[in-house]
Structures are given as structure tokens and as C-alpha cells.
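Peer 1: coords-v5.pdb is the file, holding PDB, C-alpha atoms:
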```
MODEL        1
ATOM      1  CA  MET C   1      43.877   4.820  62.170
ATOM      2  CA  PRO C   2      42.445   8.324  62.611
ATOM      3  CA  THR C   3      44.982  11.105  62.915
ATOM      4  CA  HIS C   4      44.704  14.134  65.169
ATOM      5  CA  LYS C   5      47.725  15.941  63.822
ATOM      6  CA  PRO C   6      47.069  19.625  63.131
ATOM      7  CA  ILE C   7      46.801  20.740  59.531
ATOM      8  CA  ILE C   8      49.960  22.556  58.472
ATOM      9  CA  GLY C   9      49.308  26.286  58.255
ATOM     10  CA  LEU C  10      46.051  26.163  60.270
ATOM     11  CA  ASN C  11      46.010  26.821  64.008
ATOM     12  CA  ASP C  12      43.654  26.869  66.984
ATOM     13  CA  ALA C  13      43.269  30.015  69.060
ATOM     14  CA  PHE C  14      42.193  30.040  72.697
ATOM     15  CA  GLY C  15      42.740  31.846  75.963
ATOM     16  CA  SER C  16      44.625  35.136  75.742
ATOM     17  CA  GLN C  17      45.038  34.828  71.972
ATOM     18  CA  ALA C  18      41.306  34.579  71.379
ATOM     19  CA  LYS C  19      40.629  37.466  73.780
ATOM     20  CA  ALA C  20      43.242  39.645  72.055
ATOM     21  CA  LEU C  21      41.706  39.014  68.643
ATOM     22  CA  ARG C  22      38.154  39.758  69.761
ATOM     23  CA  ARG C  23      39.279  42.923  71.561
ATOM     24  CA  LEU C  24      41.155  44.206  68.515
ATOM     25  CA  GLN C  25      38.327  43.220  66.187
ATOM     26  CA  GLY C  26      35.831  45.149  68.314
ATOM     27  CA  ASN C  27      38.006  48.264  68.438
ATOM     28  CA  ILE C  28      38.567  48.323  64.682
ATOM     29  CA  LEU C  29      34.940  47.604  63.763
ATOM     30  CA  GLU C  30      33.872  50.408  66.102
ATOM     31  CA  LEU C  31      36.309  52.700  64.294
ATOM     32  CA  PHE C  32      34.801  51.695  60.938
ATOM     33  CA  GLU C  33      31.241  52.201  62.182
ATOM     34  CA  THR C  34      32.082  55.664  63.494
ATOM     35  CA  ALA C  35      33.470  56.508  60.036
ATOM     36  CA  GLY C  36      30.131  55.552  58.453
ATOM     37  CA  TYR C  37      30.896  52.013  57.269
ATOM     38  CA  GLU C  38      28.235  49.329  57.672
ATOM     39  CA  GLU C  39      29.289  45.783  58.475
ATOM     40  CA  VAL C  40      28.488  42.894  56.145
ATOM     41  CA  ILE C  41      29.082  39.213  56.931
ATOM     42  CA  PRO C  42      29.455  37.164  53.722
ATOM     43  CA  PRO C  43      29.469  33.340  53.839
ATOM     44  CA  ILE C  44      32.811  31.571  53.972
ATOM     45  CA  LEU C  45      31.896  29.617  50.811
ATOM     46  CA  GLU C  46      31.340  30.995  47.323
ATOM     47  CA  ARG C  47      30.986  29.612  43.843
ATOM     48  CA  PRO C  48      34.415  29.659  42.182
ATOM     49  CA  ASP C  49      33.111  31.723  39.262
ATOM     50  CA  SER C  50      32.039  34.457  41.661
ATOM     51  CA  MET C  51      35.386  34.498  43.464
ATOM     52  CA  ASN C  52      37.526  34.350  40.347
ATOM     53  CA  SER C  53      35.536  36.266  37.721
ATOM     54  CA  GLY C  54      37.146  39.082  35.792
ATOM     55  CA  ALA C  55      39.915  40.792  37.715
ATOM     56  CA  GLY C  56      39.398  38.329  40.576
ATOM     57  CA  ARG C  57      40.924  35.578  38.432
ATOM     58  CA  PHE C  58      44.242  36.409  40.044
ATOM     59  CA  LEU C  59      42.941  34.729  43.213
ATOM     60  CA  ALA C  60      42.537  31.345  41.511
ATOM     61  CA  ASP C  61      45.846  29.842  42.637
ATOM     62  CA  GLN C  62      45.123  30.784  46.264
ATOM     63  CA  THR C  63      41.558  29.431  46.339
ATOM     64  CA  VAL C  64      40.675  25.994  47.713
ATOM     65  CA  VAL C  65      37.812  24.371  45.779
ATOM     66  CA  PHE C  66      35.866  21.201  46.515
ATOM     67  CA  SER C  67      32.757  19.294  45.442
ATOM     68  CA  ASP C  68      29.784  19.897  47.728
ATOM     69  CA  PRO C  69      28.382  16.606  49.081
ATOM     70  CA  ALA C  70      24.973  18.280  49.413
ATOM     71  CA  GLY C  71      24.775  18.664  45.647
ATOM     72  CA  ALA C  72      25.460  22.378  45.210
ATOM     73  CA  GLY C  73      28.287  21.614  42.772
ATOM     74  CA  THR C  74      31.819  22.958  43.035
ATOM     75  CA  LEU C  75      32.344  25.435  45.865
ATOM     76  CA  ALA C  76      35.291  27.590  46.960
ATOM     77  CA  ILE C  77      36.567  28.601  50.384
ATOM     78  CA  ARG C  78      37.162  32.334  50.213
ATOM     79  CA  SER C  79      40.777  33.442  50.046
ATOM     80  CA  ASP C  80      39.891  37.142  50.026
ATOM     81  CA  MET C  81      36.702  38.999  50.948
ATOM     82  CA  THR C  82      36.855  41.860  48.443
ATOM     83  CA  PRO C  83      35.352  39.773  45.588
ATOM     84  CA  GLN C  84      32.471  38.905  47.904
ATOM     85  CA  ILE C  85      31.843  42.588  48.619
ATOM     86  CA  ALA C  86      31.939  43.249  44.875
ATOM     87  CA  ARG C  87      29.335  40.508  44.322
ATOM     88  CA  ILE C  88      27.067  41.909  47.049
ATOM     89  CA  ALA C  89      27.353  45.444  45.657
ATOM     90  CA  ALA C  90      26.545  44.247  42.140
ATOM     91  CA  THR C  91      23.565  42.083  43.173
ATOM     92  CA  ARG C  92      21.948  42.470  46.601
ATOM     93  CA  LEU C  93      22.755  46.199  46.855
ATOM     94  CA  GLN C  94      22.690  47.125  43.184
ATOM     95  CA  HIS C  95      20.243  50.002  43.680
ATOM     96  CA  GLU C  96      22.546  51.855  46.069
ATOM     97  CA  GLU C  97      24.616  54.515  44.294
ATOM     98  CA  MET C  98      27.224  54.709  47.044
ATOM     99  CA  LEU C  99      28.214  51.981  49.498
ATOM    100  CA  LYS C 100      30.564  52.090  52.474
ATOM    101  CA  LEU C 101      30.966  48.572  53.793
ATOM    102  CA  CYS C 102      33.241  46.874  56.319
ATOM    103  CA  TYR C 103      33.868  43.249  57.241
ATOM    104  CA  SER C 104      35.872  40.965  59.508
ATOM    105  CA  GLY C 105      36.182  37.216  59.135
ATOM    106  CA  THR C 106      38.331  34.208  58.369
ATOM    107  CA  VAL C 107      39.828  33.587  54.934
ATOM    108  CA  MET C 108      41.955  30.610  53.939
ATOM    109  CA  LEU C 109      44.764  30.531  51.416
ATOM    110  CA  ALA C 110      45.672  27.483  49.355
ATOM    111  CA  ARG C 111      49.267  28.097  50.415
ATOM    112  CA  PRO C 112      50.852  30.575  52.852
ATOM    113  CA  ASP C 113      51.961  34.012  51.657
ATOM    114  CA  VAL C 114      55.457  33.290  52.970
ATOM    115  CA  ARG C 115      57.317  30.066  53.653
ATOM    116  CA  GLY C 116      56.300  28.655  57.002
ATOM    117  CA  GLY C 117      53.490  31.191  57.367
ATOM    118  CA  SER C 118      49.843  30.659  58.145
ATOM    119  CA  ARG C 119      47.202  29.749  55.564
ATOM    120  CA  GLN C 120      44.447  31.285  57.679
ATOM    121  CA  GLN C 121      43.934  34.995  58.144
ATOM    122  CA  TRP C 122      41.359  37.067  59.972
ATOM    123  CA  GLN C 123      40.768  39.570  57.210
ATOM    124  CA  THR C 124      39.316  42.893  58.304
ATOM    125  CA  GLY C 125      38.793  45.927  56.120
ATOM    126  CA  VAL C 126      36.585  48.424  54.343
ATOM    127  CA  GLU C 127      35.345  48.953  50.819
ATOM    128  CA  CYS C 128      34.299  52.399  49.576
ATOM    129  CA  LEU C 129      32.168  51.996  46.450
ATOM    130  CA  GLY C 130      30.672  54.690  44.251
ATOM    131  CA  VAL C 131      33.216  57.395  45.133
ATOM    132  CA  ALA C 132      35.374  58.112  42.098
ATOM    133  CA  GLY C 133      38.906  59.453  41.871
ATOM    134  CA  SER C 134      41.093  60.686  44.670
ATOM    135  CA  ALA C 135      38.217  61.412  47.079
ATOM    136  CA  GLY C 136      37.602  57.696  47.689
ATOM    137  CA  ASP C 137      41.307  56.876  47.812
ATOM    138  CA  ILE C 138      41.995  59.614  50.362
ATOM    139  CA  GLU C 139      39.087  58.607  52.597
ATOM    140  CA  VAL C 140      40.227  54.996  52.679
ATOM    141  CA  MET C 141      43.865  55.936  53.283
ATOM    142  CA  HIS C 142      42.864  58.073  56.274
ATOM    143  CA  LEU C 143      40.908  55.150  57.695
ATOM    144  CA  ALA C 144      43.836  52.793  57.096
ATOM    145  CA  ALA C 145      46.125  55.126  59.042
ATOM    146  CA  ARG C 146      43.638  55.358  61.916
ATOM    147  CA  THR C 147      43.406  51.553  61.950
ATOM    148  CA  MET C 148      47.160  51.203  62.530
ATOM    149  CA  LEU C 149      46.996  53.802  65.283
ATOM    150  CA  ALA C 150      44.021  52.042  66.910
ATOM    151  CA  ALA C 151      46.001  48.773  66.825
ATOM    152  CA  GLY C 152      48.718  50.453  68.898
ATOM    153  CA  PHE C 153      51.435  51.037  66.299
ATOM    154  CA  ASP C 154      53.656  54.108  66.606
ATOM    155  CA  LYS C 155      54.435  56.434  63.711
ATOM    156  CA  PRO C 156      52.653  54.485  60.939
ATOM    157  CA  VAL C 157      53.739  54.986  57.344
ATOM    158  CA  LEU C 158      51.642  54.685  54.195
ATOM    159  CA  GLN C 159      53.677  53.920  51.076
ATOM    160  CA  VAL C 160      51.650  54.735  47.973
ATOM    161  CA  GLY C 161      52.137  53.397  44.457
ATOM    162  CA  HIS C 162      50.146  52.894  41.247
ATOM    163  CA  ILE C 163      49.754  49.665  39.285
ATOM    164  CA  GLY C 164      49.646  51.732  36.084
ATOM    165  CA  LEU C 165      53.367  52.467  36.445
ATOM    166  CA  LEU C 166      54.348  48.822  36.199
ATOM    167  CA  LYS C 167      51.865  48.113  33.418
ATOM    168  CA  ALA C 168      53.354  50.963  31.395
ATOM    169  CA  LEU C 169      56.927  49.809  31.982
ATOM    170  CA  VAL C 170      56.330  46.180  30.956
ATOM    171  CA  ALA C 171      54.009  46.856  28.026
ATOM    172  CA  GLY C 172      54.814  44.278  25.336
ATOM    173  CA  SER C 173      56.553  41.941  27.791
ATOM    174  CA  LYS C 174      56.747  38.193  27.181
ATOM    175  CA  HIS C 175      55.795  37.548  30.799
ATOM    176  CA  PRO C 176      52.439  38.066  32.549
ATOM    177  CA  LEU C 177      52.017  40.833  35.094
ATOM    178  CA  ASP C 178      52.116  38.510  38.108
ATOM    179  CA  VAL C 179      55.672  37.475  37.228
ATOM    180  CA  TRP C 180      56.761  41.105  37.343
ATOM    181  CA  THR C 181      54.969  41.909  40.609
ATOM    182  CA  THR C 182      56.560  38.874  42.270
ATOM    183  CA  ARG C 183      60.075  39.888  41.188
ATOM    184  CA  ILE C 184      59.652  43.529  42.146
ATOM    185  CA  SER C 185      58.194  42.603  45.537
ATOM    186  CA  ARG C 186      61.480  40.848  46.336
ATOM    187  CA  ARG C 187      63.309  44.179  45.973
ATOM    188  CA  SER C 188      66.337  42.354  44.518
ATOM    189  CA  PRO C 189      68.160  43.982  41.558
ATOM    190  CA  ASP C 190      69.880  40.663  40.773
ATOM    191  CA  ASP C 191      66.565  38.794  40.561
ATOM    192  CA  LEU C 192      65.079  41.460  38.345
ATOM    193  CA  ALA C 193      68.145  41.629  36.102
ATOM    194  CA  GLU C 194      67.783  37.885  35.505
ATOM    195  CA  LEU C 195      64.227  38.412  34.279
ATOM    196  CA  LEU C 196      65.154  41.449  32.191
ATOM    197  CA  ALA C 197      67.783  39.354  30.395
ATOM    198  CA  THR C 198      64.937  37.307  28.866
ATOM    199  CA  GLU C 199      63.126  40.426  27.612
ATOM    200  CA  GLU C 200      63.547  43.089  24.942
ATOM    201  CA  LEU C 201      62.144  46.090  26.761
ATOM    202  CA  PRO C 202      63.242  49.655  25.945
ATOM    203  CA  ASP C 203      66.380  50.780  27.769
ATOM    204  CA  ALA C 204      64.471  53.494  29.628
ATOM    205  CA  ALA C 205      61.946  50.957  30.916
ATOM    206  CA  GLU C 206      64.695  48.561  32.063
ATOM    207  CA  GLU C 207      66.508  51.353  33.873
ATOM    208  CA  ALA C 208      63.280  52.430  35.574
ATOM    209  CA  LEU C 209      62.435  48.868  36.657
ATOM    210  CA  LEU C 210      65.873  48.413  38.206
ATOM    211  CA  GLY C 211      65.427  51.718  40.017
ATOM    212  CA  MET C 212      62.142  50.483  41.467
ATOM    213  CA  VAL C 213      63.767  47.490  43.168
ATOM    214  CA  SER C 214      66.786  49.502  44.296
ATOM    215  CA  GLY C 215      64.777  51.577  46.753
ATOM    216  CA  VAL C 216      64.989  54.887  44.887
ATOM    217  CA  ALA C 217      61.532  55.034  43.282
ATOM    218  CA  ASP C 218      60.263  57.923  45.399
ATOM    219  CA  GLN C 219      58.617  61.232  44.507
ATOM    220  CA  GLN C 220      61.786  62.680  42.968
ATOM    221  CA  TRP C 221      62.260  59.484  40.925
ATOM    222  CA  LEU C 222      58.719  59.795  39.561
ATOM    223  CA  VAL C 223      59.203  63.423  38.558
ATOM    224  CA  ALA C 224      62.515  62.585  36.864
ATOM    225  CA  HIS C 225      60.926  59.796  34.771
ATOM    226  CA  ILE C 226      57.886  61.709  33.544
ATOM    227  CA  GLY C 227      58.286  62.200  29.818
ATOM    228  CA  CYS C 228      60.880  59.413  29.530
ATOM    229  CA  ILE C 229      58.758  56.245  29.263
ATOM    230  CA  ASN C 230      55.322  56.598  27.622
ATOM    231  CA  ASP C 231      51.994  58.393  28.045
ATOM    232  CA  ALA C 232      50.527  55.652  30.253
ATOM    233  CA  PHE C 233      53.445  55.988  32.675
ATOM    234  CA  ASP C 234      53.017  59.767  32.783
ATOM    235  CA  ARG C 235      49.286  59.490  33.573
ATOM    236  CA  ALA C 236      49.883  57.063  36.427
ATOM    237  CA  ALA C 237      52.831  59.073  37.799
ATOM    238  CA  ASN C 238      50.904  62.345  37.754
ATOM    239  CA  GLU C 239      47.906  60.741  39.454
ATOM    240  CA  LEU C 240      50.142  59.298  42.170
ATOM    241  CA  LEU C 241      52.029  62.557  42.724
ATOM    242  CA  ALA C 242      48.803  64.571  42.932
ATOM    243  CA  LEU C 243      47.356  62.165  45.504
ATOM    244  CA  VAL C 244      50.453  62.144  47.721
ATOM    245  CA  ASN C 245      50.677  65.934  47.577
ATOM    246  CA  GLU C 246      47.013  66.247  48.538
ATOM    247  CA  VAL C 247      47.198  63.750  51.408
ATOM    248  CA  GLY C 248      50.628  64.678  52.757
ATOM    249  CA  GLY C 249      50.524  66.558  56.040
ATOM    250  CA  LYS C 250      46.788  65.979  56.547
ATOM    251  CA  MET C 251      46.932  62.630  58.351
ATOM    252  CA  GLU C 252      45.866  62.320  61.968
ATOM    253  CA  GLY C 253      48.568  61.535  64.512
ATOM    254  CA  HIS C 254      52.166  60.829  63.566
ATOM    255  CA  VAL C 255      51.428  59.250  60.172
ATOM    256  CA  SER C 256      53.699  59.731  57.152
ATOM    257  CA  VAL C 257      52.747  59.316  53.505
ATOM    258  CA  TYR C 258      55.336  58.598  50.810
ATOM    259  CA  ALA C 259      55.246  57.843  47.102
ATOM    260  CA  ASP C 260      56.931  54.545  46.251
ATOM    261  CA  ALA C 261      56.564  53.172  42.727
ATOM    262  CA  ALA C 262      57.712  49.740  43.945
ATOM    263  CA  VAL C 263      54.568  49.163  46.057
ATOM    264  CA  MET C 264      52.964  46.066  44.555
ATOM    265  CA  PRO C 265      49.445  44.712  45.065
ATOM    266  CA  ARG C 266      48.812  41.651  47.210
ATOM    267  CA  PHE C 267      46.340  40.461  44.568
ATOM    268  CA  LEU C 268      46.289  41.628  40.970
ATOM    269  CA  TYR C 269      42.738  42.917  40.793
ATOM    270  CA  HIS C 270      43.802  46.491  41.485
ATOM    271  CA  SER C 271      43.433  49.036  38.704
ATOM    272  CA  GLY C 272      44.983  52.255  40.022
ATOM    273  CA  ILE C 273      46.365  53.651  43.270
ATOM    274  CA  LEU C 274      47.953  51.109  45.644
ATOM    275  CA  PHE C 275      49.165  51.518  49.216
ATOM    276  CA  ALA C 276      50.726  49.511  52.007
ATOM    277  CA  GLY C 277      50.922  50.360  55.705
ATOM    278  CA  PHE C 278      54.047  49.971  57.832
ATOM    279  CA  ALA C 279      55.123  50.908  61.354
ATOM    280  CA  ASP C 280      58.312  51.294  63.380
ATOM    281  CA  GLY C 281      59.902  47.986  64.264
ATOM    282  CA  VAL C 282      57.775  45.889  61.895
ATOM    283  CA  ALA C 283      59.518  44.449  58.847
ATOM    284  CA  HIS C 284      56.421  43.514  56.845
ATOM    285  CA  ALA C 285      53.344  45.409  55.673
ATOM    286  CA  LEU C 286      50.505  45.646  58.209
ATOM    287  CA  LEU C 287      47.816  46.314  55.617
ATOM    288  CA  HIS C 288      47.255  46.589  51.873
ATOM    289  CA  GLY C 289      44.803  48.614  49.836
ATOM    290  CA  GLY C 290      44.015  50.402  46.621
ATOM    291  CA  ARG C 291      41.561  50.985  43.814
ATOM    292  CA  TYR C 292      39.873  48.065  42.024
ATOM    293  CA  ASP C 293      37.327  49.492  39.567
ATOM    294  CA  ALA C 294      37.975  46.608  37.150
ATOM    295  CA  MET C 295      36.611  44.005  39.561
ATOM    296  CA  MET C 296      33.276  45.802  39.822
ATOM    297  CA  SER C 297      33.012  45.898  36.031
ATOM    298  CA  ALA C 298      33.645  42.144  35.950
ATOM    299  CA  HIS C 299      30.672  41.636  38.270
ATOM    300  CA  GLY C 300      28.444  43.557  35.878
ATOM    301  CA  ARG C 301      28.380  46.929  37.593
ATOM    302  CA  ASP C 302      30.472  49.855  36.409
ATOM    303  CA  MET C 303      31.221  51.353  39.817
ATOM    304  CA  PRO C 304      34.367  52.986  41.212
ATOM    305  CA  ALA C 305      35.737  51.101  44.201
ATOM    306  CA  THR C 306      38.639  51.339  46.615
ATOM    307  CA  GLY C 307      39.432  49.718  49.942
ATOM    308  CA  PHE C 308      41.993  48.162  52.248
ATOM    309  CA  SER C 309      42.320  45.130  54.473
ATOM    310  CA  CYS C 310      44.560  43.747  57.201
ATOM    311  CA  ASP C 311      45.009  40.424  58.941
ATOM    312  CA  LEU C 312      44.188  40.742  62.638
ATOM    313  CA  TRP C 313      46.508  37.857  63.491
ATOM    314  CA  ALA C 314      49.380  39.660  61.762
ATOM    315  CA  LEU C 315      48.615  42.864  63.710
ATOM    316  CA  ILE C 316      48.557  40.984  67.009
ATOM    317  CA  ASN C 317      51.782  39.092  66.295
ATOM    318  CA  ALA C 318      53.548  42.291  65.224
ATOM    319  CA  GLY C 319      52.380  44.327  68.195
TER     320      GLY C 319
ENDMDL
END
```
Go through the file and emit its structure as C-alpha cells.

Peer 2:
Amino acid sequence: MPTHKPIIGLNDAFGSQAKALRRLQGNILELFETAGYEEVIPPILERPDSMNSGAGRFLADQTVVFSDPAGAGTLAIRSDMTPQIARIAATRLQHEEMLKLCYSGTVMLARPDVRGGSRQQWQTGVECLGVAGSAGDIEVMHLAARTMLAAGFDKPVLQVGHIGLLKALVAGSKHPLDVWTTRISRRSPDDLAELLATEELPDAAEEALLGMVSGVADQQWLVAHIGCINDAFDRAANELLALVNEVGGKMEGHVSVYADAAVMPRFLYHSGILFAGFADGVAHALLHGGRYDAMMSAHGRDMPATGFSCDLWALINAG
């Protein structure tokens, strides 16, 4: 017999919910357009190689693939739109030296981010391509802050990290990077200590990792650890400190910017600065962003890139 049971993790939206999403989507896209970002609408399906090439391979376990009955081979339902923007920039728009693009559309995860959560998201964001160094990061961070304000959140906070810090601390580890990001994201010293017991990392690196999950990895923590780990750590720490010092106090509205070495990427294609947006009364991050130069290289174009995205459903539910 046919079944009409809803698919777990996928939901219908109608009435006031649908109106709220379209209203918020319009407000945010208008904000992006005013900032000089042009909208692109990629297809919901991609070839798996395009979605998961190079640095995008970290999306593989969240990507649903299937065989196309029309004979196009194996196809993938997008789980993130940034790889699609990277593909467009490296192919259709390859002659443009600088690109400022925005997007808003449905993505589907193979499994929810959190237990009992949704597998569908209405991902909305911007990608700033061709602007190297802190200039691109700062522009995108300003736009991320304005997005939280436009969505009605009071006193937004941007916590800023750098993936280079973690890479430097776990250099030579027996475990892949995604294992470390998962443990650190839990912010549990006991969980991390369990993983460290299986490793032979330098004492200074172990101490620093435990500090990251203990909520003390702020600007003072970074300064105190420069010169104590390795050159790669120092480069990442100095880049992060310089960015936070440059941005701090220059945000519109009541927006705060803090350094936090424990900020981890949502997906592991990031190659430098990372940030997450929070607001009063909301326990989880409202948006995620950062630099992802490595993904562009994987698509055959050596182009600096940074961006951020949010899930409109998450913004509405948190508001």
C-alpha cells in the first residue's frame, strides 16, 4: 500500500511560515543587492565530482546521491551551495577578476546537523571572490553582522577563529582533521582528553587544545601562546589578532567582535579565517563563514574567496 507518512527531517511549509520565510528572504537579498552582490540561482542537482572535488570532499558524507533515470549518470542533491558558486566562478564566470555573488535556496543534508533536527535548510549567503587577505574577510563580516540585524536580532556577536590554529596544534596527529573539529565543537574537556590519550602530541599543543574547549581561547590566550607552539600557529594567530583589531569597534549597530580559537568550521573546506554569528538569547550559531581559497584551487582557478551563509529556517525559529 502507498504511504503518505512524511519523510523524517523534511517538512512542508505553508501559511504564516511560508510568508515569514519569503519576507525574510526578500529583506536579506535586498541587503545583499544594496551591498553590490549579484544573485545567482544554481540548480539543486550537481554531479558528485563537482560537489565533492578538492576541499569540497568534506561534504561527501552529507550529500545524497542517486542514479538519474534520464541517463545523466550519478547525480547529487546539493548539501551546500558554496561549491556550486566555486564551480560557476571557475567556469561560467572565469573571465571576471572579481565576483560578488549571493544566493538563497534549499539544500538537503544526508543527515541532520543535530539529533532530531531538520535535513532541509534554506541556505542564504554571499561569496566574495577575487579579494585577497583581510579586505575580503572584513567586507563579508560586516555584511554578516548587518544580516543578523536585518533579521531582528539584538546585539549580535561575531566570534572569529582561524583553521590554521587547529592544523598547527594537531600536526602529526593519528586522526584526521574532522575528528578534531567534531571534538572541539562539543566544548567538552573530558571528551577531548579522551582523544588526547590516544595521541602523542607535544605537551604545549595538548595544553592549548584543552584551553580551546575550556572557553579561555580568547585574544589574551592567543597572545600568550605565540612563540610556544610552532611557526604555523604563530602565523595563524597573528593573522587572526590583526583582523579582530582592525574590525573591532567599526561594526554598524550594537555588534561585538571577539577572537575565539575554538570557532570551528561547519564544513572543512575553509583555509583561513573562520567566524560564527550569535545573538542574545540564542544558544546556537545563526550563521557561519570564512575563507576558502583551497576550494577555488580545486576547481581549477587560483582565486581568493571568502563568504558566509545562514539557514533562513533557523533564523525564523530563533527569532

Peer 1: Rounded to one decimal place, report the CA of Glu207 in chain C-CA of Cys228 in chain C distance in Å.

Peer 2: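 Result for CA of Glu207 in chain C versus CA of Cys228 in chain C: 10.7 Å, one decimal.
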
Peer 1: Can you list what the PyMOL selection byres ((chain C and resi 149) around 12) grabs from this structure, as a VMD selection string?

Peer 2: chain C and resid 24 27 to 28 31 142 to 148 150 to 157 251 to 255 277 to 280 286 315 319

Peer 1: Just the number, please: distance in Å from CA of Gly133 in chain C to CA of Arg266 in chain C, one decimal.

Peer 2: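 Interatomic distance here is 21.1 Å.
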
Peer 1: Any chance you could resolve the PyMOL selection byres ((chain C and resi 229) around 8) against this file and give the residues as a count of residues only?

Peer 2: 12

Peer 1: Suppose you want the space between CA of Pro112 in chain C and CA of Ser271 in chain C; what is it in Å?

Peer 2: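 Separation between CA of Pro112 in chain C and CA of Ser271 in chain C: 24.4 Å.
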
Peer 1: Expanded to explicit residues, what is the PyMOL selection byres ((chain C and resi 221) around 12) for this file, as a PDB file with C-alpha atoms, in the frame of the given file?

Peer 2:
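To be explicit, this is the file written out as out_22.pdb:
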```pdb
ATOM      1  CA  GLU C 207      66.508  51.353  33.873  1.00  0.00           C
ATOM      2  CA  ALA C 208      63.280  52.430  35.574  1.00  0.00           C
ATOM      3  CA  LEU C 209      62.435  48.868  36.657  1.00  0.00           C
ATOM      4  CA  LEU C 210      65.873  48.413  38.206  1.00  0.00           C
ATOM      5  CA  GLY C 211      65.427  51.718  40.017  1.00  0.00           C
ATOM      6  CA  MET C 212      62.142  50.483  41.467  1.00  0.00           C
ATOM      7  CA  SER C 214      66.786  49.502  44.296  1.00  0.00           C
ATOM      8  CA  GLY C 215      64.777  51.577  46.753  1.00  0.00           C
ATOM      9  CA  VAL C 216      64.989  54.887  44.887  1.00  0.00           C
ATOM     10  CA  ALA C 217      61.532  55.034  43.282  1.00  0.00           C
ATOM     11  CA  ASP C 218      60.263  57.923  45.399  1.00  0.00           C
ATOM     12  CA  GLN C 219      58.617  61.232  44.507  1.00  0.00           C
ATOM     13  CA  GLN C 220      61.786  62.680  42.968  1.00  0.00           C
ATOM     14  CA  LEU C 222      58.719  59.795  39.561  1.00  0.00           C
ATOM     15  CA  VAL C 223      59.203  63.423  38.558  1.00  0.00           C
ATOM     16  CA  ALA C 224      62.515  62.585  36.864  1.00  0.00           C
ATOM     17  CA  HIS C 225      60.926  59.796  34.771  1.00  0.00           C
ATOM     18  CA  ILE C 226      57.886  61.709  33.544  1.00  0.00           C
ATOM     19  CA  CYS C 228      60.880  59.413  29.530  1.00  0.00           C
ATOM     20  CA  ALA C 237      52.831  59.073  37.799  1.00  0.00           C
ATOM     21  CA  LEU C 241      52.029  62.557  42.724  1.00  0.00           C
ATOM     22  CA  ALA C 259      55.246  57.843  47.102  1.00  0.00           C
ATOM     23  CA  ASP C 260      56.931  54.545  46.251  1.00  0.00           C
ATOM     24  CA  ALA C 261      56.564  53.172  42.727  1.00  0.00           C
ATOM     25  CA  ALA C 262      57.712  49.740  43.945  1.00  0.00           C
TER      26      ALA C 262
END
```

Peer 1: So which one's closest to Gly161 in chain C, C:Ala294, C:Leu21, C:Val244, C:Ile7? Using all atoms listed in the file, please.

Peer 2: C:Val244

Peer 1: Nearest to Glu46 in chain C among C:Arg78, C:His299, C:Arg111, C:Arg187, with distances taken over only C-alpha atoms: which residue is it?

Peer 2: C:Arg78

Peer 1: Please list as a list in words every residue within 9 Å of Ile163 in chain C, counting only C-alpha atoms and excluding residues in the same chain fewer than 5 positions away.

Peer 2: Ala168, Ala236, Ala261, Val263, Met264, Pro265, Leu268, His270, Ser271, Gly272, Ile273 and Leu274 of chain C

Peer 1: Write the residues you've just listed into a file as a compact mmCIF listing (two decimals), keeping the file's coordinate frame, and include C-alpha atoms for each of them.

Peer 2:
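Below you can see result.txt, which holds the result:
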```txt
# COMPACT_ATOMS: atom_id res chain seq x y z
CA ALA C 168 53.35 50.96 31.40
CA ALA C 236 49.88 57.06 36.43
CA ALA C 261 56.56 53.17 42.73
CA VAL C 263 54.57 49.16 46.06
CA MET C 264 52.96 46.07 44.56
CA PRO C 265 49.44 44.71 45.06
CA LEU C 268 46.29 41.63 40.97
CA HIS C 270 43.80 46.49 41.48
CA SER C 271 43.43 49.04 38.70
CA GLY C 272 44.98 52.26 40.02
CA ILE C 273 46.36 53.65 43.27
CA LEU C 274 47.95 51.11 45.64
```

Peer 1: So, with only C-alpha atoms as the atoms that count, which of C:Ser188, C:Ser173, C:Ser309, C:Asn317 lies closest to Thr124 in chain C?

Peer 2: C:Ser309

Peer 1: Which is closest to Asp311 in chain C among C:Gln25, C:Ser134, C:Thr82, C:Thr74, if we use only C-alpha atoms?

Peer 2: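 When distances to Asp311 in chain C are compared using only C-alpha atoms, the smallest one comes from C:Gln25.
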
Peer 1: Dump as a JSON list (two decimals) with C-alpha atoms, keeping the file's coordinate frame all residues having an atom at most 7 Å from (40.3, 32.4, 53.7), computed in the file's coordinates with only C-alpha atoms.

Peer 2:
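File point-v3.json, as written:
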```
[["chain", "number", "residue", "atom", "x", "y", "z"],
["C", 77, "ILE", "CA", 36.57, 28.60, 50.38],
["C", 78, "ARG", "CA", 37.16, 32.33, 50.21],
["C", 79, "SER", "CA", 40.78, 33.44, 50.05],
["C", 80, "ASP", "CA", 39.89, 37.14, 50.03],
["C", 106, "THR", "CA", 38.33, 34.21, 58.37],
["C", 107, "VAL", "CA", 39.83, 33.59, 54.93],
["C", 108, "MET", "CA", 41.96, 30.61, 53.94],
["C", 109, "LEU", "CA", 44.76, 30.53, 51.42],
["C", 120, "GLN", "CA", 44.45, 31.28, 57.68],
["C", 121, "GLN", "CA", 43.93, 34.99, 58.14]]
```

Peer 1: Counting all atoms listed in the file, which of C:Asp12, C:Asp178, C:Glu127, C:Glu96 gets nearest to Phe267 in chain C?

Peer 2: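 Looking only at the distances to Phe267 in chain C, the closest residue turns out to be C:Asp178.
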
Peer 1: Each residue of range 11-43 of chain C with at least one atom at most 12 Å from range 85-95 of chain C should appear once, together with its nearest atom pair and the corresponding distance in Å (one decimal); atoms considered: all atoms listed in the file; ordering: chain, then increasing residue number; output as a Markdown table.

Peer 2:
```
| residue | atom | partner | partner_atom | distance |
| --- | --- | --- | --- | --- |
| C:Glu38 | CA | C:Ile85 | CA | 11.8 |
| C:Glu39 | CA | C:Ile85 | CA | 10.7 |
| C:Val40 | CA | C:Ile85 | CA | 8.2 |
| C:Ile41 | CA | C:Ile85 | CA | 9.4 |
| C:Pro42 | CA | C:Ile85 | CA | 7.8 |
| C:Pro43 | CA | C:Ile85 | CA | 10.9 |
```

Peer 1: Using C-alpha atoms, can you write the selected residues to a file as an mmCIF file, in the coordinates of the input?

Peer 2:
```
data_model
loop_
_atom_site.group_PDB
_atom_site.id
_atom_site.type_symbol
_atom_site.label_atom_id
_atom_site.label_comp_id
_atom_site.auth_asym_id
_atom_site.auth_seq_id
_atom_site.Cartn_x
_atom_site.Cartn_y
_atom_site.Cartn_z
ATOM 1 C CA GLU C 38 28.235 49.329 57.672
ATOM 2 C CA GLU C 39 29.289 45.783 58.475
ATOM 3 C CA VAL C 40 28.488 42.894 56.145
ATOM 4 C CA ILE C 41 29.082 39.213 56.931
ATOM 5 C CA PRO C 42 29.455 37.164 53.722
ATOM 6 C CA PRO C 43 29.469 33.340 53.839
#
```

Peer 1: Please identify all polymer residues within 10 Å of Leu177 in chain C, counting all atoms listed in the file, omitting same-chain residues fewer than 5 positions from it, and present them as a list in words.

Peer 2: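 Near neighbours after the sequence-gap exclusion: Leu166, Lys167, Val170, Ala171, Thr182 and Leu268 of chain C.
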
Peer 1: Which residue, C:Trp180, C:Phe275, C:Trp313, C:Phe32, has the smallest gap to Val160 in chain C when you use only C-alpha atoms?

Peer 2: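 For Val160 in chain C, the nearest of the given residues is C:Phe275.
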